[in-house]
Each structure stands twice: as structure tokens, then as C-alpha cells.
>>> print(open('structure.csv').read())   # CSV, N, CA, C and O atoms
chain,number,residue,atom,x,y,z
A,9,MET,N,0.8,-1.2,0.0
A,9,MET,CA,0.0,0.0,0.0
A,9,MET,C,0.9,1.2,0.0
A,9,MET,O,1.9,1.3,0.7
A,10,ARG,N,0.5,2.2,-0.7
A,10,ARG,CA,1.2,3.5,-0.8
A,10,ARG,C,0.7,4.5,0.3
A,10,ARG,O,-0.4,4.4,0.7
A,11,TYR,N,1.6,5.4,0.6
A,11,TYR,CA,1.1,6.4,1.6
A,11,TYR,C,1.6,7.8,1.0
A,11,TYR,O,2.5,7.9,0.2
A,12,LEU,N,0.9,8.8,1.5
A,12,LEU,CA,1.1,10.2,1.0
A,12,LEU,C,2.2,10.9,1.9
A,12,LEU,O,2.2,10.8,3.1
A,13,VAL,N,3.0,11.7,1.2
A,13,VAL,CA,4.0,12.6,1.9
A,13,VAL,C,3.7,14.0,1.3
A,13,VAL,O,3.8,14.2,0.1
A,14,LEU,N,3.3,14.9,2.2
A,14,LEU,CA,3.0,16.3,1.8
A,14,LEU,C,4.3,17.1,2.0
A,14,LEU,O,4.8,17.3,3.1
A,15,THR,N,4.8,17.7,0.9
A,15,THR,CA,5.9,18.6,1.0
A,15,THR,C,5.4,20.0,1.4
A,15,THR,O,4.3,20.3,1.3
A,16,PRO,N,6.3,20.8,2.0
A,16,PRO,CA,6.0,22.2,2.4
A,16,PRO,C,5.4,23.0,1.2
A,16,PRO,O,4.4,23.7,1.4
A,17,LYS,N,5.9,22.8,0.0
A,17,LYS,CA,5.4,23.5,-1.2
A,17,LYS,C,4.0,23.1,-1.5
A,17,LYS,O,3.1,23.9,-1.8
A,18,PHE,N,3.7,21.8,-1.3
A,18,PHE,CA,2.3,21.3,-1.6
A,18,PHE,C,1.4,21.9,-0.6
A,18,PHE,O,0.3,22.4,-0.9
A,19,ARG,N,1.8,21.9,0.7
A,19,ARG,CA,0.9,22.4,1.8
A,19,ARG,C,0.6,23.9,1.5
A,19,ARG,O,-0.6,24.3,1.6
A,20,TRP,N,1.6,24.7,1.1
A,20,TRP,CA,1.4,26.1,0.8
A,20,TRP,C,0.5,26.3,-0.4
A,20,TRP,O,-0.5,27.1,-0.3
A,21,ALA,N,0.7,25.5,-1.4
A,21,ALA,CA,-0.1,25.6,-2.7
A,21,ALA,C,-1.5,25.2,-2.4
A,21,ALA,O,-2.5,25.8,-2.9
A,22,PHE,N,-1.7,24.2,-1.6
A,22,PHE,CA,-3.1,23.7,-1.2
A,22,PHE,C,-3.8,24.8,-0.5
A,22,PHE,O,-5.0,25.1,-0.8
A,23,GLN,N,-3.2,25.4,0.5
A,23,GLN,CA,-3.9,26.5,1.3
A,23,GLN,C,-4.2,27.7,0.4
A,23,GLN,O,-5.3,28.2,0.4
A,24,LYS,N,-3.3,28.0,-0.5
A,24,LYS,CA,-3.5,29.2,-1.4
A,24,LYS,C,-4.6,28.9,-2.4
A,24,LYS,O,-5.5,29.7,-2.7
A,25,PHE,N,-4.6,27.7,-3.0
A,25,PHE,CA,-5.5,27.3,-4.0
A,25,PHE,C,-6.9,27.1,-3.5
A,25,PHE,O,-7.9,27.3,-4.2
A,26,CYS,N,-7.0,26.7,-2.3
A,26,CYS,CA,-8.4,26.4,-1.7
A,26,CYS,C,-8.9,27.5,-0.8
A,26,CYS,O,-10.0,27.3,-0.3
A,27,ARG,N,-8.2,28.6,-0.7
A,27,ARG,CA,-8.7,29.7,0.1
A,27,ARG,C,-10.1,30.1,-0.3
A,27,ARG,O,-10.3,30.4,-1.4
A,28,HIS,N,-11.0,30.1,0.6
A,28,HIS,CA,-12.4,30.5,0.4
A,28,HIS,C,-13.2,29.6,-0.6
A,28,HIS,O,-14.2,30.1,-1.1
A,29,ASP,N,-12.7,28.4,-0.9
A,29,ASP,CA,-13.4,27.6,-1.8
A,29,ASP,C,-13.4,26.2,-1.2
A,29,ASP,O,-12.6,25.3,-1.5
A,30,HIS,N,-14.5,25.9,-0.4
A,30,HIS,CA,-14.6,24.6,0.3
A,30,HIS,C,-14.9,23.5,-0.7
A,30,HIS,O,-14.6,22.3,-0.4
A,31,VAL,N,-15.6,23.8,-1.8
A,31,VAL,CA,-15.9,22.7,-2.7
A,31,VAL,C,-14.6,22.2,-3.4
A,31,VAL,O,-14.4,21.0,-3.5
A,32,ARG,N,-13.7,23.1,-3.8
A,32,ARG,CA,-12.4,22.8,-4.3
A,32,ARG,C,-11.6,22.0,-3.3
A,32,ARG,O,-11.0,21.0,-3.7
A,33,GLN,N,-11.6,22.4,-2.1
A,33,GLN,CA,-10.9,21.7,-1.0
A,33,GLN,C,-11.4,20.3,-0.9
A,33,GLN,O,-10.6,19.3,-0.8
A,34,LYS,N,-12.7,20.1,-0.9
A,34,LYS,CA,-13.3,18.8,-0.7
A,34,LYS,C,-12.9,17.9,-1.9
A,34,LYS,O,-12.6,16.7,-1.8
A,35,ARG,N,-12.9,18.4,-3.1
A,35,ARG,CA,-12.5,17.7,-4.3
A,35,ARG,C,-11.1,17.2,-4.2
A,35,ARG,O,-10.8,16.1,-4.6
A,36,ILE,N,-10.2,18.1,-3.8
A,36,ILE,CA,-8.8,17.7,-3.6
A,36,ILE,C,-8.6,16.6,-2.6
A,36,ILE,O,-7.9,15.6,-2.8
A,37,GLU,N,-9.3,16.8,-1.4
A,37,GLU,CA,-9.2,15.8,-0.4
A,37,GLU,C,-9.7,14.4,-0.8
A,37,GLU,O,-9.1,13.4,-0.5
A,38,ASP,N,-10.8,14.4,-1.6
A,38,ASP,CA,-11.3,13.2,-2.2
A,38,ASP,C,-10.3,12.5,-3.1
A,38,ASP,O,-10.1,11.3,-3.1
A,39,ALA,N,-9.6,13.4,-3.9
A,39,ALA,CA,-8.6,12.8,-4.9
A,39,ALA,C,-7.4,12.3,-4.1
A,39,ALA,O,-6.9,11.2,-4.4
A,40,LEU,N,-7.0,12.9,-3.0
A,40,LEU,CA,-5.9,12.4,-2.2
A,40,LEU,C,-6.3,11.1,-1.6
A,40,LEU,O,-5.5,10.1,-1.5
A,41,TYR,N,-7.6,10.9,-1.1
A,41,TYR,CA,-8.0,9.6,-0.6
A,41,TYR,C,-7.9,8.6,-1.6
A,41,TYR,O,-7.4,7.4,-1.4
A,42,LEU,N,-8.4,8.9,-2.8
A,42,LEU,CA,-8.4,7.9,-3.9
A,42,LEU,C,-6.9,7.5,-4.3
A,42,LEU,O,-6.6,6.4,-4.6
A,43,MET,N,-6.0,8.5,-4.2
A,43,MET,CA,-4.6,8.3,-4.6
A,43,MET,C,-4.0,7.3,-3.6
A,43,MET,O,-3.2,6.4,-4.0
A,44,GLU,N,-4.4,7.4,-2.3
A,44,GLU,CA,-3.9,6.4,-1.3
A,44,GLU,C,-4.4,5.0,-1.6
A,44,GLU,O,-3.7,4.0,-1.4
A,45,GLN,N,-5.6,4.9,-2.1
A,45,GLN,CA,-6.2,3.6,-2.4
A,45,GLN,C,-5.6,3.0,-3.6
A,45,GLN,O,-5.2,1.8,-3.6
A,46,ASP,N,-5.6,3.8,-4.7
A,46,ASP,CA,-5.0,3.3,-6.0
A,46,ASP,C,-4.8,4.5,-6.9
A,46,ASP,O,-5.7,5.1,-7.4
A,47,VAL,N,-3.5,4.9,-7.0
A,47,VAL,CA,-3.1,6.1,-7.7
A,47,VAL,C,-3.4,6.1,-9.1
A,47,VAL,O,-3.5,7.1,-9.8
A,48,PHE,N,-3.6,4.9,-9.7
A,48,PHE,CA,-3.9,4.7,-11.1
A,48,PHE,C,-5.4,4.5,-11.4
A,48,PHE,O,-5.7,4.1,-12.5
A,49,ILE,N,-6.3,4.8,-10.5
A,49,ILE,CA,-7.7,4.6,-10.7
A,49,ILE,C,-8.1,5.5,-11.9
A,49,ILE,O,-7.6,6.7,-12.0
A,50,THR,N,-9.0,5.1,-12.7
A,50,THR,CA,-9.3,5.8,-13.9
A,50,THR,C,-9.9,7.2,-13.7
A,50,THR,O,-9.5,8.1,-14.4
A,51,SER,N,-10.6,7.4,-12.6
A,51,SER,CA,-11.2,8.7,-12.4
A,51,SER,C,-10.2,9.8,-12.1
A,51,SER,O,-10.5,11.0,-12.3
A,52,LEU,N,-9.0,9.4,-11.7
A,52,LEU,CA,-7.9,10.4,-11.4
A,52,LEU,C,-7.2,10.8,-12.7
A,52,LEU,O,-6.6,11.9,-12.8
A,53,GLY,N,-7.3,10.0,-13.8
A,53,GLY,CA,-6.6,10.4,-15.0
A,53,GLY,C,-5.1,10.5,-14.8
A,53,GLY,O,-4.4,11.4,-15.4
A,54,THR,N,-4.5,9.7,-14.0
A,54,THR,CA,-3.0,9.7,-13.7
A,54,THR,C,-2.2,9.5,-15.0
A,54,THR,O,-2.5,8.6,-15.7
A,55,HIS,N,-1.2,10.4,-15.2
A,55,HIS,CA,-0.4,10.3,-16.3
A,55,HIS,C,1.0,10.8,-16.0
A,55,HIS,O,1.2,11.6,-15.2
A,56,LYS,N,2.0,10.3,-16.8
A,56,LYS,CA,3.4,10.7,-16.7
A,56,LYS,C,3.5,12.1,-17.3
A,56,LYS,O,2.9,12.4,-18.3
A,57,LEU,N,4.5,12.8,-16.8
A,57,LEU,CA,4.8,14.1,-17.4
A,57,LEU,C,6.1,14.1,-18.2
A,57,LEU,O,6.9,13.2,-18.0
A,58,SER,N,6.2,15.0,-19.1
A,58,SER,CA,7.4,15.1,-19.9
A,58,SER,C,8.0,16.5,-19.9
A,58,SER,O,7.5,17.4,-19.2
A,59,GLY,N,9.1,16.7,-20.6
A,59,GLY,CA,9.7,18.0,-20.6
A,59,GLY,C,10.4,18.3,-19.3
A,59,GLY,O,11.0,17.5,-18.7
A,60,SER,N,10.2,19.5,-18.8
A,60,SER,CA,10.9,20.0,-17.6
A,60,SER,C,10.4,19.2,-16.3
A,60,SER,O,11.0,19.2,-15.3
A,61,LEU,N,9.2,18.6,-16.4
A,61,LEU,CA,8.6,17.8,-15.3
A,61,LEU,C,8.8,16.3,-15.5
A,61,LEU,O,8.1,15.5,-14.9
A,62,SER,N,9.7,15.9,-16.4
A,62,SER,CA,9.9,14.5,-16.7
A,62,SER,C,10.3,13.8,-15.4
A,62,SER,O,11.1,14.3,-14.6
A,63,GLY,N,9.7,12.6,-15.2
A,63,GLY,CA,10.0,11.8,-14.0
A,63,GLY,C,8.9,12.0,-13.0
A,63,GLY,O,8.8,11.3,-12.0
A,64,TYR,N,8.0,13.0,-13.2
A,64,TYR,CA,6.9,13.2,-12.3
A,64,TYR,C,5.6,12.7,-12.9
A,64,TYR,O,5.5,12.4,-14.1
A,65,TRP,N,4.6,12.7,-12.1
A,65,TRP,CA,3.2,12.3,-12.5
A,65,TRP,C,2.3,13.4,-12.2
A,65,TRP,O,2.5,14.2,-11.3
A,66,ALA,N,1.1,13.3,-12.8
A,66,ALA,CA,0.0,14.3,-12.5
A,66,ALA,C,-1.3,13.5,-12.5
A,66,ALA,O,-1.5,12.5,-13.2
A,67,CYS,N,-2.3,14.1,-11.8
A,67,CYS,CA,-3.6,13.5,-11.8
A,67,CYS,C,-4.6,14.7,-11.7
A,67,CYS,O,-4.2,15.8,-11.3
A,68,SER,N,-5.8,14.5,-12.1
A,68,SER,CA,-6.8,15.5,-12.1
A,68,SER,C,-7.7,15.4,-10.8
A,68,SER,O,-8.0,14.2,-10.4
A,69,CYS,N,-8.1,16.5,-10.3
A,69,CYS,CA,-9.1,16.5,-9.2
A,69,CYS,C,-10.2,17.5,-9.5
A,69,CYS,O,-10.5,18.3,-8.7
A,70,GLY,N,-10.6,17.5,-10.7
A,70,GLY,CA,-11.6,18.5,-11.2
A,70,GLY,C,-11.3,19.0,-12.5
A,70,GLY,O,-10.2,18.7,-13.1
A,71,TYR,N,-12.1,19.9,-13.0
A,71,TYR,CA,-11.9,20.4,-14.4
A,71,TYR,C,-10.6,21.1,-14.5
A,71,TYR,O,-9.8,20.8,-15.4
A,72,ASP,N,-10.3,22.0,-13.7
A,72,ASP,CA,-9.0,22.8,-13.8
A,72,ASP,C,-8.3,22.7,-12.5
A,72,ASP,O,-7.9,23.7,-11.9
A,73,CYS,N,-8.0,21.5,-12.1
A,73,CYS,CA,-7.2,21.2,-10.9
A,73,CYS,C,-6.3,20.0,-11.1
A,73,CYS,O,-6.8,18.9,-11.5
A,74,ARG,N,-5.0,20.2,-10.9
A,74,ARG,CA,-4.0,19.1,-11.0
A,74,ARG,C,-3.2,19.0,-9.8
A,74,ARG,O,-2.9,19.9,-9.1
A,75,ILE,N,-2.8,17.7,-9.5
A,75,ILE,CA,-1.9,17.4,-8.5
A,75,ILE,C,-0.6,16.9,-9.1
A,75,ILE,O,-0.7,15.9,-9.9
A,76,ILE,N,0.5,17.4,-8.8
A,76,ILE,CA,1.8,16.9,-9.3
A,76,ILE,C,2.5,16.1,-8.2
A,76,ILE,O,2.5,16.6,-7.0
A,77,PHE,N,3.0,14.9,-8.5
A,77,PHE,CA,3.6,14.1,-7.5
A,77,PHE,C,4.6,13.2,-8.1
A,77,PHE,O,4.8,13.1,-9.3
A,78,SER,N,5.4,12.6,-7.2
A,78,SER,CA,6.4,11.5,-7.7
A,78,SER,C,6.1,10.3,-6.9
A,78,SER,O,5.5,10.3,-5.8
A,79,LEU,N,6.4,9.2,-7.5
A,79,LEU,CA,6.3,7.9,-6.8
A,79,LEU,C,7.7,7.4,-6.4
A,79,LEU,O,8.6,7.3,-7.3
A,80,GLU,N,7.9,7.2,-5.1
A,80,GLU,CA,9.3,6.9,-4.6
A,80,GLU,C,9.2,5.7,-3.7
A,80,GLU,O,8.1,5.4,-3.1
A,81,SER,N,10.3,5.0,-3.5
A,81,SER,CA,10.4,4.0,-2.5
A,81,SER,C,11.0,4.5,-1.2
A,81,SER,O,12.0,5.2,-1.2
A,82,ASP,N,10.3,4.2,-0.1
A,82,ASP,CA,10.8,4.7,1.2
A,82,ASP,C,12.1,3.8,1.5
A,82,ASP,O,12.1,2.6,1.5
A,83,PRO,N,13.3,4.5,1.7
A,83,PRO,CA,14.5,3.8,1.9
A,83,PRO,C,14.5,2.9,3.2
A,83,PRO,O,15.2,1.9,3.2
A,84,GLU,N,13.7,3.3,4.2
A,84,GLU,CA,13.7,2.5,5.4
A,84,GLU,C,12.8,1.3,5.4
A,84,GLU,O,13.2,0.3,5.8
A,85,THR,N,11.6,1.5,4.9
A,85,THR,CA,10.6,0.4,4.9
A,85,THR,C,10.5,-0.3,3.6
A,85,THR,O,9.9,-1.4,3.5
A,86,GLY,N,10.9,0.4,2.5
A,86,GLY,CA,10.7,-0.2,1.2
A,86,GLY,C,9.3,0.0,0.6
A,86,GLY,O,9.0,-0.4,-0.5
A,87,GLU,N,8.4,0.6,1.4
A,87,GLU,CA,7.1,0.9,0.9
A,87,GLU,C,7.1,2.0,-0.2
A,87,GLU,O,8.0,2.9,-0.1
A,88,GLU,N,6.2,1.9,-1.1
A,88,GLU,CA,6.1,3.0,-2.1
A,88,GLU,C,5.3,4.2,-1.5
A,88,GLU,O,4.3,4.0,-0.8
A,89,ARG,N,5.8,5.4,-1.7
A,89,ARG,CA,5.2,6.6,-1.2
A,89,ARG,C,4.9,7.5,-2.3
A,89,ARG,O,5.6,7.5,-3.3
A,90,ILE,N,3.8,8.3,-2.1
A,90,ILE,CA,3.4,9.3,-3.1
A,90,ILE,C,3.8,10.6,-2.5
A,90,ILE,O,3.3,11.1,-1.5
A,91,VAL,N,4.8,11.3,-3.1
A,91,VAL,CA,5.3,12.5,-2.6
A,91,VAL,C,4.6,13.7,-3.4
A,91,VAL,O,4.8,13.8,-4.6
A,92,LEU,N,3.7,14.4,-2.7
A,92,LEU,CA,2.9,15.4,-3.3
A,92,LEU,C,3.8,16.7,-3.4
A,92,LEU,O,4.3,17.2,-2.4
A,93,LEU,N,3.9,17.2,-4.6
A,93,LEU,CA,4.8,18.3,-4.9
A,93,LEU,C,4.1,19.6,-5.1
A,93,LEU,O,4.5,20.7,-4.7
A,94,ASP,N,2.9,19.6,-5.8
A,94,ASP,CA,2.2,20.9,-6.2
A,94,ASP,C,0.8,20.6,-6.5
A,94,ASP,O,0.4,19.5,-6.8
A,95,VAL,N,-0.1,21.6,-6.3
A,95,VAL,CA,-1.5,21.5,-6.7
A,95,VAL,C,-1.9,22.9,-7.1
A,95,VAL,O,-1.4,23.9,-6.7
A,96,GLY,N,-2.8,22.9,-8.1
A,96,GLY,CA,-3.3,24.2,-8.7
A,96,GLY,C,-3.9,23.9,-10.0
A,96,GLY,O,-4.2,22.8,-10.4
A,97,SER,N,-4.2,25.1,-10.7
A,97,SER,CA,-4.8,25.0,-12.0
A,97,SER,C,-3.8,24.4,-13.0
A,97,SER,O,-2.6,24.4,-12.7
A,98,HIS,N,-4.2,24.1,-14.1
A,98,HIS,CA,-3.4,23.5,-15.2
A,98,HIS,C,-2.2,24.5,-15.5
A,98,HIS,O,-1.0,24.1,-15.5
A,99,ASP,N,-2.5,25.8,-15.6
A,99,ASP,CA,-1.5,26.8,-16.0
A,99,ASP,C,-0.5,27.0,-14.8
A,99,ASP,O,0.6,27.4,-15.0
A,100,GLU,N,-1.0,26.9,-13.6
A,100,GLU,CA,-0.2,27.1,-12.4
A,100,GLU,C,0.9,26.1,-12.2
A,100,GLU,O,2.0,26.4,-11.8
A,101,VAL,N,0.6,24.8,-12.4
A,101,VAL,CA,1.5,23.7,-12.1
A,101,VAL,C,2.3,23.3,-13.3
A,101,VAL,O,3.4,22.6,-13.0
A,102,TYR,N,2.0,23.6,-14.5
A,102,TYR,CA,2.8,23.1,-15.6
A,102,TYR,C,3.7,24.2,-16.1
A,102,TYR,O,3.7,25.2,-16.4
>>> encode(input="structure.csv", output="C-alpha cells")
Amino acid sequence: MRYLVLTPKFRWAFQKFCRHDHVRQKRIEDALYLMEQDVFITSLGTHKLSGSLSGYWACSCGYDCRIIFSLESDPETGEERIVLLDVGSHDEVY
């Protein structure tokens, strides 16, 4: 099973992006829950990124909401972790 790791940048972007928008916040929280269950579930639209973000992944959590993350192995436990890097609109994160 994978687990989530929230970076400081992700936390800051999440607070900024969801400020005064509880519906958007709920959508992102739901997407994070699904990511923990199965990061490749069809409804998330998970895909690899290319170009300057090569090596990272993205998923959708609404019409104009993306989460950028990486999949890494925890060096201590060997478990796979989802390191959340950024969240925002398409233009903000790409």
C-alpha cells in the first residue's frame, strides 16, 4: 500500500489554491483519498509528465485542478510513497 507525503510547497499551494473555496478543497481531499487507495484509478486520470517535469506524475481532481507528484520507494521500509509536490490549476502547475 502506498502512503502520502506532503511537501511544504504542496501544503502552501493547497492552502492558497483552496482559500475560500470549500468545494475545491473537498474535491482535492477526495482525490488524495483515492490516490492512497489506487493512484492509477481511472477517475484520477493519472499520467506521466514530460519536458521539464519529466519523471513526475500528474492527476486531475476536477476540471481545472491538477496534483503533481512523484512515486518513490521509502529507503527505510521499502514501501512505495506518493510525494505530493504541487497543486493548482493547469497553468499554475505546468
>>> atom_distance(input="structure.csv", atom1="atom O of A:Leu12", atom2="atom CA of A:Gly86")
14.0 Å
>>> select_by_dssp(input="structure.csv", residues="chain A", states="strand (DSSP E or B)", output="list in words")
Tyr11, Leu12, Val13, Leu14, His55, Lys56, Trp65, Ala66, Cys67, Ser68, Arg74, Ile75, Ile76, Phe77, Ser78, Leu79, Glu80, Ser81, Glu88, Arg89, Ile90, Val91, Leu92, Leu93, Asp94, Val95 and Gly96 of chain A
>>> closest_residue(input="structure.csv", among="A:Arg27, A:His98, A:Lys17, A:Arg32", to="A:Arg74", atoms="all atoms listed in the file")
A:His98
>>> closest_residue(input="structure.csv", among="A:Asp29, A:Ser58, A:Met9, A:Glu84", to="A:Met43", atoms="only N, CA, C and O atoms")
A:Met9
>>> residues_around(input="structure.csv", residues="stretch 64-69 of chain A", least_positions_apart="6", cutoff="8 Å", atoms="all atoms listed in the file", output="PyMOL selection string")
chain A and resi 31-40+47+49-58+75-79+91+93-96
>>> residues_around(input="structure.csv", residues="A:Pro16", least_positions_apart="6", cutoff="8 Å", atoms="all atoms listed in the file", output="VMD selection string")
chain A and resid 22 to 23 92 to 93
>>> closest_residue(input="structure.csv", among="A:Arg10, A:Asp99, A:Gly63, A:Arg89", to="A:Asp46", atoms="all atoms listed in the file")
A:Arg10
>>> select_by_dssp(input="structure.csv", residues="chain A", states="helix (DSSP H, G or I)", output="PyMOL selection string")
chain A and resi 16-26+30-45+50-52+59-61+98-101
>>> closest_residue(input="structure.csv", among="A:Ser97, A:Tyr11, A:Ser60, A:Gln45", to="A:Cys73", atoms="only N, CA, C and O atoms")
A:Ser97
>>> atom_distance(input="structure.csv", atom1="atom C of A:Thr15", atom2="atom CA of A:Ile90")
11.8 Å
>>> atom_distance(input="structure.csv", atom1="atom CA of A:Arg19", atom2="atom CA of A:Tyr41")
15.8 Å
>>> decode(input="structure.csv", residues="stretch 50-72 of chain A", atoms="N, CA and C atoms", output="PDB file, in the first residue's frame")
ATOM      1  N   THR A  50      -8.977   5.066 -12.702  1.00  0.00           N
ATOM      2  CA  THR A  50      -9.340   5.776 -13.928  1.00  0.00           C
ATOM      3  C   THR A  50      -9.854   7.185 -13.683  1.00  0.00           C
ATOM      4  N   SER A  51     -10.635   7.390 -12.647  1.00  0.00           N
ATOM      5  CA  SER A  51     -11.243   8.703 -12.406  1.00  0.00           C
ATOM      6  C   SER A  51     -10.206   9.794 -12.119  1.00  0.00           C
ATOM      7  N   LEU A  52      -8.985   9.420 -11.714  1.00  0.00           N
ATOM      8  CA  LEU A  52      -7.941  10.409 -11.449  1.00  0.00           C
ATOM      9  C   LEU A  52      -7.214  10.845 -12.721  1.00  0.00           C
ATOM     10  N   GLY A  53      -7.258  10.022 -13.751  1.00  0.00           N
ATOM     11  CA  GLY A  53      -6.571  10.370 -14.994  1.00  0.00           C
ATOM     12  C   GLY A  53      -5.071  10.530 -14.797  1.00  0.00           C
ATOM     13  N   THR A  54      -4.473   9.670 -14.005  1.00  0.00           N
ATOM     14  CA  THR A  54      -3.044   9.748 -13.705  1.00  0.00           C
ATOM     15  C   THR A  54      -2.227   9.529 -14.970  1.00  0.00           C
ATOM     16  N   HIS A  55      -1.227  10.386 -15.165  1.00  0.00           N
ATOM     17  CA  HIS A  55      -0.370  10.272 -16.348  1.00  0.00           C
ATOM     18  C   HIS A  55       1.031  10.789 -16.049  1.00  0.00           C
ATOM     19  N   LYS A  56       2.002  10.257 -16.807  1.00  0.00           N
ATOM     20  CA  LYS A  56       3.387  10.698 -16.681  1.00  0.00           C
ATOM     21  C   LYS A  56       3.545  12.052 -17.338  1.00  0.00           C
ATOM     22  N   LEU A  57       4.485  12.830 -16.812  1.00  0.00           N
ATOM     23  CA  LEU A  57       4.766  14.132 -17.387  1.00  0.00           C
ATOM     24  C   LEU A  57       6.062  14.067 -18.189  1.00  0.00           C
ATOM     25  N   SER A  58       6.214  15.016 -19.093  1.00  0.00           N
ATOM     26  CA  SER A  58       7.419  15.072 -19.912  1.00  0.00           C
ATOM     27  C   SER A  58       7.992  16.486 -19.861  1.00  0.00           C
ATOM     28  N   GLY A  59       9.056  16.697 -20.579  1.00  0.00           N
ATOM     29  CA  GLY A  59       9.682  18.015 -20.608  1.00  0.00           C
ATOM     30  C   GLY A  59      10.373  18.323 -19.299  1.00  0.00           C
ATOM     31  N   SER A  60      10.202  19.540 -18.805  1.00  0.00           N
ATOM     32  CA  SER A  60      10.884  19.957 -17.576  1.00  0.00           C
ATOM     33  C   SER A  60      10.370  19.209 -16.344  1.00  0.00           C
ATOM     34  N   LEU A  61       9.204  18.574 -16.448  1.00  0.00           N
ATOM     35  CA  LEU A  61       8.641  17.805 -15.328  1.00  0.00           C
ATOM     36  C   LEU A  61       8.780  16.298 -15.546  1.00  0.00           C
ATOM     37  N   SER A  62       9.673  15.920 -16.430  1.00  0.00           N
ATOM     38  CA  SER A  62       9.901  14.506 -16.711  1.00  0.00           C
ATOM     39  C   SER A  62      10.276  13.772 -15.428  1.00  0.00           C
ATOM     40  N   GLY A  63       9.714  12.609 -15.241  1.00  0.00           N
ATOM     41  CA  GLY A  63       9.959  11.826 -14.034  1.00  0.00           C
ATOM     42  C   GLY A  63       8.878  11.998 -12.983  1.00  0.00           C
ATOM     43  N   TYR A  64       8.002  12.987 -13.175  1.00  0.00           N
ATOM     44  CA  TYR A  64       6.898  13.225 -12.260  1.00  0.00           C
ATOM     45  C   TYR A  64       5.600  12.738 -12.879  1.00  0.00           C
ATOM     46  N   TRP A  65       4.572  12.706 -12.057  1.00  0.00           N
ATOM     47  CA  TRP A  65       3.242  12.279 -12.467  1.00  0.00           C
ATOM     48  C   TRP A  65       2.252  13.393 -12.160  1.00  0.00           C
ATOM     49  N   ALA A  66       1.094  13.342 -12.794  1.00  0.00           N
ATOM     50  CA  ALA A  66       0.016  14.290 -12.509  1.00  0.00           C
ATOM     51  C   ALA A  66      -1.305  13.546 -12.513  1.00  0.00           C
ATOM     52  N   CYS A  67      -2.259  14.057 -11.761  1.00  0.00           N
ATOM     53  CA  CYS A  67      -3.616  13.539 -11.799  1.00  0.00           C
ATOM     54  C   CYS A  67      -4.579  14.711 -11.685  1.00  0.00           C
ATOM     55  N   SER A  68      -5.805  14.467 -12.087  1.00  0.00           N
ATOM     56  CA  SER A  68      -6.828  15.505 -12.070  1.00  0.00           C
ATOM     57  C   SER A  68      -7.704  15.355 -10.838  1.00  0.00           C
ATOM     58  N   CYS A  69      -8.140  16.488 -10.327  1.00  0.00           N
ATOM     59  CA  CYS A  69      -9.094  16.477  -9.213  1.00  0.00           C
ATOM     60  C   CYS A  69     -10.171  17.513  -9.502  1.00  0.00           C
ATOM     61  N   GLY A  70     -10.637  17.502 -10.731  1.00  0.00           N
ATOM     62  CA  GLY A  70     -11.647  18.451 -11.171  1.00  0.00           C
ATOM     63  C   GLY A  70     -11.277  18.994 -12.530  1.00  0.00           C
ATOM     64  N   TYR A  71     -12.130  19.856 -13.049  1.00  0.00           N
ATOM     65  CA  TYR A  71     -11.925  20.383 -14.401  1.00  0.00           C
ATOM     66  C   TYR A  71     -10.584  21.092 -14.549  1.00  0.00           C
ATOM     67  N   ASP A  72     -10.282  22.031 -13.688  1.00  0.00           N
ATOM     68  CA  ASP A  72      -9.027  22.765 -13.797  1.00  0.00           C
ATOM     69  C   ASP A  72      -8.253  22.676 -12.491  1.00  0.00           C
TER      70      ASP A  72
END
